[in-house]
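Read the structure below first, then the notes.
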Amino acid sequence: MKDHESALQKAVLAALKGDAAVQALTGGRVVDTPPEGTACPYLALGRCESRPLAADGGGVEQRLTLRGVSRFAGSEEAKALAAAVRARLHEAVLEADGVRTATLRASFADVFRAGDGRRTYAVVRLRAVTEEVASG
């Protein structure tokens with residue numbers, strides 16, 4: 001069985017890095033894990049949960065969390081990040097390393113201020129079912 005989790009992560013990062021709206025909002029800061037001191041706004045990968053499915057093609061159900069971080073005074077920038085992620089990824093067909101999305105949905109979004117009031121977060125959760133691509 002192929003590494004579905006890494007393949008989905010790679011495909012999601014590539015899709016977001018290749019999207020003009022996401023790039024305009026983040027200045028190209030779309031990362032797995034942000035280095036300390038990363039300028040805002042940025043998008044980073046968060047939690048990934050997965051479980052195998054009893055399906056042809058070695059299916060795996062995954063839930064992946066993306067986190068946008070903004071220091072803009074209001075919530076508009078964080079909301080724009082969530083909307084750009086949803087617009088690019090909802091129902092997209094992505095493929096990497098011999099694995100593709102059979103379904104991909106933005107299932108949840110939340111925008112909220114940090115406790116210190118200096119940052120606003122945009123959290124988008126994705127639900128994907130991935131399958132192996134027949135080589136051929």
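Residues are referred to by chain and number: the chain letter is A, B, ... according to the order shown in the structure tokens, the number counts from 1 in that chain, and ligands are numbered separately from 1 in the order shown.
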
Just list the residues in region 12-62 of chain A DSSP gives alpha helix (DSSP H) on the backbone, as a ChimeraX atom specification.
-> /A:12-17,20-26

Produce a table with one row for each residue of region 21-59 of chain A that has an atom at most 12 Å from any atom of region 114-126 of chain A, each row naming the nearest atom pair and its distance in Å at one decimal; use only C-alpha atoms; arrange rows by chain and rising residue number; format as a tab-separated table.
residue	atom	partner	partner_atom	distance
A:Ala39	CA	A:Arg119	CA	11.8
A:Cys40	CA	A:Arg119	CA	9.1
A:Pro41	CA	A:Arg119	CA	9.5
A:Tyr42	CA	A:Tyr121	CA	10.0
A:Leu43	CA	A:Ala122	CA	8.9
A:Ala44	CA	A:Val123	CA	9.8
A:Leu45	CA	A:Val124	CA	9.9
A:Gly46	CA	A:Val123	CA	9.1
A:Arg47	CA	A:Arg125	CA	9.2
A:Cys48	CA	A:Leu126	CA	9.4
A:Glu49	CA	A:Leu126	CA	10.4
A:Ser50	CA	A:Leu126	CA	11.6

Quick one: write out the picked residues with C-alpha atoms as a PDB file, in the first residue's frame?
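Writing done, so here's part-v3.pdb:
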ATOM      1  CA  ALA A  39       5.745  36.438   8.451  1.00  0.00           C
ATOM      2  CA  CYS A  40       1.963  36.604   8.392  1.00  0.00           C
ATOM      3  CA  PRO A  41      -0.275  35.781   6.722  1.00  0.00           C
ATOM      4  CA  TYR A  42       0.550  32.156   6.044  1.00  0.00           C
ATOM      5  CA  LEU A  43      -1.099  28.756   5.627  1.00  0.00           C
ATOM      6  CA  ALA A  44       0.217  25.668   7.395  1.00  0.00           C
ATOM      7  CA  LEU A  45      -0.792  22.040   7.546  1.00  0.00           C
ATOM      8  CA  GLY A  46      -2.196  20.790  10.799  1.00  0.00           C
ATOM      9  CA  ARG A  47      -3.566  17.528  12.057  1.00  0.00           C
ATOM     10  CA  CYS A  48      -4.084  14.589   9.700  1.00  0.00           C
ATOM     11  CA  GLU A  49      -6.284  11.644  10.660  1.00  0.00           C
ATOM     12  CA  SER A  50      -6.691   8.607   8.451  1.00  0.00           C
TER      13      SER A  50
END

Residues at most 6 Å from Ala128 (chain A), counting only C-alpha atoms, excluding those fewer than 3 positions away in the same chain, as a PyMOL selection string?
-> chain A and resi 61-62+103-104

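Take CA of His90 (chain A) and CA of Met1 (chain A): the distance between them is 25.7 Å.
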
Which neighbours of Arg127 (chain A) fall inside 7 Å, counting only C-alpha atoms, when residues of the same chain fewer than 3 positions from it are skipped, and could you give them as an NGL selection string?
-> :A and (62-64 or 104-107)

Atoms kept (N, CA and C atoms) for selection, written as a CSV table (one decimal), in the first residue's frame:
chain,number,residue,atom,x,y,z
A,62,GLN,N,-9.3,10.3,4.9
A,62,GLN,CA,-8.4,11.2,5.6
A,62,GLN,C,-9.2,12.5,6.0
A,63,ARG,N,-8.8,13.1,7.1
A,63,ARG,CA,-9.2,14.4,7.5
A,63,ARG,C,-8.0,15.2,7.8
A,64,LEU,N,-7.9,16.3,7.0
A,64,LEU,CA,-6.7,17.1,7.1
A,64,LEU,C,-7.1,18.5,7.5
A,104,LEU,N,-12.9,15.0,-2.4
A,104,LEU,CA,-12.2,15.9,-1.5
A,104,LEU,C,-13.2,17.1,-1.2
A,105,ARG,N,-13.5,17.3,0.0
A,105,ARG,CA,-14.5,18.3,0.4
A,105,ARG,C,-13.9,19.1,1.6
A,106,ALA,N,-14.2,20.4,1.5
A,106,ALA,CA,-13.9,21.3,2.6
A,106,ALA,C,-15.2,21.2,3.5
A,107,SER,N,-15.0,20.5,4.7
A,107,SER,CA,-16.2,20.1,5.5
A,107,SER,C,-16.4,21.1,6.6

Please report, as JSON, numbers by chain, each residue of chain A to which DSSP assigns strand (DSSP E or B) when run on this structure's backbone.
-> {"A": [30, 31, 42, 43, 44, 45, 46, 47, 48, 49, 50, 51, 52, 60, 61, 62, 63, 64, 65, 66, 67, 68, 69, 70, 95, 96, 99, 100, 101, 102, 103, 104, 105, 106, 107, 108, 109, 110, 111, 112, 113, 120, 121, 122, 123, 124, 125, 126, 127, 128, 129, 130, 131, 132]}

Return the single residue from A:Ala73, A:Ala92, A:Ala83, A:Val60 that is closest to Ala21 (chain A), with distances computed using only C-alpha atoms.
->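 Between A:Ala73, A:Ala92, A:Ala83, A:Val60, the residue approaching Ala21 (chain A) most closely is A:Ala83.
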
Across A:Ala15, A:Val22, A:Leu81, A:Val31, the smallest distance to Val111 (chain A), with only C-alpha atoms counted, is shown by A:Leu81

May I have the residues within 8 Å of Ser75 (chain A) as a list in words, using only C-alpha atoms and disregarding those fewer than 3 positions away in the same chain?
->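 Result of the neighbour search: Phe72, Ala78, Lys79, Val111, Phe112, Arg113 and Thr120 of chain A.
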
Would you please work out which residue, of A:Val133, A:Ala24, A:Val30, A:Ala80, is nearest to Ala96 (chain A) when using only C-alpha atoms?
->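 Checking each candidate against Ala96 (chain A), we get A:Val133 as the closest.
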
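Note that the spacing between CA of Glu91 (chain A) and CA of Ser70 (chain A) amounts to 25.7 Å.
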